[in-house]
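These notes are about the structure you will find just below.
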Amino acid sequence: MIQFIDSILAGLPSWAERPFMAVLAAMLGLALALLAHAVLFRILHRITNRSASEADDIVVNRLNRPTRWAFLAMGVVLAARETPALEAVWERFAPFVMPLLTGWVAVAVLRAFVEAMIVRADISVENNRNARRRRTRLAIFSRIGTFLIVFLTVSGMLASVPGVREIGVTLMASAGLAALAVGAAAQPALKALIAGFQMAMTEPISIDDVIILDGEWGRIEDIRTTYVVVRLWDDRRLVVPSNRFLEDTFQNWTKTTSQLLGTVFLYLDQGTEIGPIREEYTRQIQAHRLWDRRAQILQVTDCKDDAIEVRLLMSAKDGPTLFDLRCEIRESMMDWIRRSQPEALVRRRTLPVGPVEMGATAGLAELVAASANGEARQPN
């Protein structure tokens, strides 16, 4: 191989020897780098295929592409050490390429780690409070970490340019002052960014939480650094600034647990017998598939002029289940009352009375007489 290279160099003019050696060394370094990368990831794919966990597959797939370019850069670096001509060319591009590849690999490692942890935090199980909290923190910290890596990467690339090196150093050494300077013009965005970080620490909401906001029922679908996406019950998306969940009041139905209490109100006749209705409600709720067996009470909570208010208290494992339970119990109880106690249904009552005789007053009698005389005088 060496003799073949020497024979080629012997046939080249003197001015072409150094460029040819640089290109040949670069190609050799790239080929070795690709070969090393292919062998390494082939071994890693075999290891992950034998594993039952999905997390290691995610990590290997995420790191495949950025590490390939990192291996190529390392191949050129090793070749440049042995080839002065290639080293002279590489030194001009290395200050840009190396920080860029380092930042890319760092972002890939961060996202691979986050996705692997998200896979382990399964929210499809019934008791998923801890998993939802973990996913929320991972999502927010992942975006904050990505922002910091990109910021440092750009700063490192700026620091490599002689003309703007002072700008890059200033951004890296005085990030706080830069943030204050930018904050004067971007206060709302920075406020939302800080609110996203505060939500990761204080956890007023988590992924898949059920909330009531502005009278709308929905679930937390995504939490960004500056805004939150709420998926409403009819599949609409409500985009809310992050700081609103820290400054305004809202209902969180799954803050500590997803279990909820609900009520159904029945308005019945005042003469209704409550005992049979209580027995029927007890029978229906105890046989219902959606009841979680925590609460079951029937009480008369109000008495009005035309009806009494009967409250049926019940419980379920979460909000959607409770809604279905209330609807089905309301329908079945009203159907039973119509069939078994129709007299319990509220009706309007009218008391029949005889005709009332009214005596005409003097003024009224004169008016009637005058009217009759006027009609008599009309010509035929």
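Chains: A, B, ... in order of the structure tokens. Residues: from 1 per chain. Ligands: from 1, in order shown.
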Can you tell me which residues surround range 201-203 of chain A at a distance of at most 12 Å, considering only C-alpha atoms, apart from same-chain residues fewer than 2 positions away, and format the answer as an MDAnalysis selection string? chainID A and resid 129:130 132:138 140:141 194:199 205:207 209 223 242 245:246 252 254:256
DSSP-assigned strand (DSSP E) members of range 226-374 of chain A, reported as a ChimeraX atom specification: /A:227-232,237-241,251-252,260-268,296-303,308-316
Run DSSP on the backbone and tell me which residues of range 167-332 of chain A come out as helix (DSSP H, G or I); list them as a PyMOL selection string. chain A and resi 167-173+175-183+187-202+244-247+274-287+319-332
Those same residues, written as a compact mmCIF listing (two decimals), in the first residue's frame with C-alpha atoms?
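Result file is result06.txt:
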# COMPACT_ATOMS: atom_id res chain seq x y z
CA ILE A 167 -18.90 38.86 22.17
CA GLY A 168 -18.75 35.11 22.68
CA VAL A 169 -16.69 35.43 25.86
CA THR A 170 -19.05 38.09 27.18
CA LEU A 171 -22.08 35.89 26.52
CA MET A 172 -20.48 32.97 28.34
CA ALA A 173 -19.06 34.95 31.27
CA ALA A 175 -25.03 35.40 30.84
CA GLY A 176 -26.87 37.09 33.68
CA LEU A 177 -26.16 40.58 32.38
CA ALA A 178 -27.14 39.52 28.88
CA ALA A 179 -30.41 38.13 30.22
CA LEU A 180 -31.13 41.42 31.98
CA ALA A 181 -30.39 43.36 28.81
CA VAL A 182 -32.64 41.17 26.71
CA GLY A 183 -35.26 41.12 29.45
CA GLN A 187 -40.06 40.65 29.58
CA PRO A 188 -43.24 38.63 28.80
CA ALA A 189 -41.26 35.79 27.21
CA LEU A 190 -38.76 35.66 30.09
CA LYS A 191 -41.59 35.80 32.59
CA ALA A 192 -43.24 32.80 30.94
CA LEU A 193 -39.89 30.99 30.82
CA ILE A 194 -39.34 31.51 34.54
CA ALA A 195 -42.92 30.43 35.18
CA GLY A 196 -42.22 27.16 33.34
CA PHE A 197 -39.22 26.52 35.57
CA GLN A 198 -41.29 27.34 38.67
CA MET A 199 -43.98 24.88 37.56
CA ALA A 200 -41.35 22.15 37.34
CA MET A 201 -40.42 22.82 40.95
CA THR A 202 -43.80 23.58 42.56
CA ARG A 244 -51.32 31.93 34.44
CA PHE A 245 -51.18 28.65 36.37
CA LEU A 246 -49.09 30.44 39.00
CA GLU A 247 -51.03 33.69 39.21
CA ILE A 274 -87.90 8.47 50.72
CA GLY A 275 -87.32 4.96 52.13
CA PRO A 276 -88.03 2.97 48.94
CA ILE A 277 -86.00 5.44 46.88
CA ARG A 278 -83.02 5.09 49.26
CA GLU A 279 -83.21 1.31 49.04
CA GLU A 280 -83.35 1.38 45.24
CA TYR A 281 -80.42 3.82 45.04
CA THR A 282 -78.36 1.60 47.34
CA ARG A 283 -79.13 -1.42 45.19
CA GLN A 284 -78.26 0.32 41.95
CA ILE A 285 -75.03 1.98 43.10
CA GLN A 286 -73.65 -1.15 44.73
CA ALA A 287 -74.24 -3.14 41.55
CA GLY A 319 -63.48 12.53 36.43
CA PRO A 320 -64.64 10.88 33.18
CA THR A 321 -65.77 7.78 35.04
CA LEU A 322 -67.65 9.92 37.55
CA PHE A 323 -69.43 11.78 34.75
CA ASP A 324 -70.62 8.51 33.18
CA LEU A 325 -71.66 7.17 36.58
CA ARG A 326 -73.75 10.26 37.38
CA CYS A 327 -75.51 10.17 34.02
CA GLU A 328 -76.35 6.48 34.25
CA ILE A 329 -77.57 6.68 37.86
CA ARG A 330 -79.70 9.73 37.07
CA GLU A 331 -81.32 7.96 34.14
CA SER A 332 -81.93 4.68 35.95
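What separates CA of Thr153 in chain A from CA of Arg92 in chain A is a distance of 17.5 Å.
Using only C-alpha atoms, the shortest contact distance between Trp253 in chain A and any of A:Asp318, A:Glu273, A:Glu221, A:Asp214 is found at A:Asp318.
Interatomic distance, CA of Lys304 in chain A against CA of Leu261 in chain A: 25.3 Å.
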Pick from A:Leu298, A:Leu238, A:Ala307, A:Val39: nearest to Tyr267 in chain A, with only C-alpha atoms counted? A:Ala307
Rank A:Glu115, A:His37, A:Asn49, A:Lys317 by their smallest atom-to-atom distance to Arg62 in chain A, using only C-alpha atoms, and report the top residue only. A:Glu115
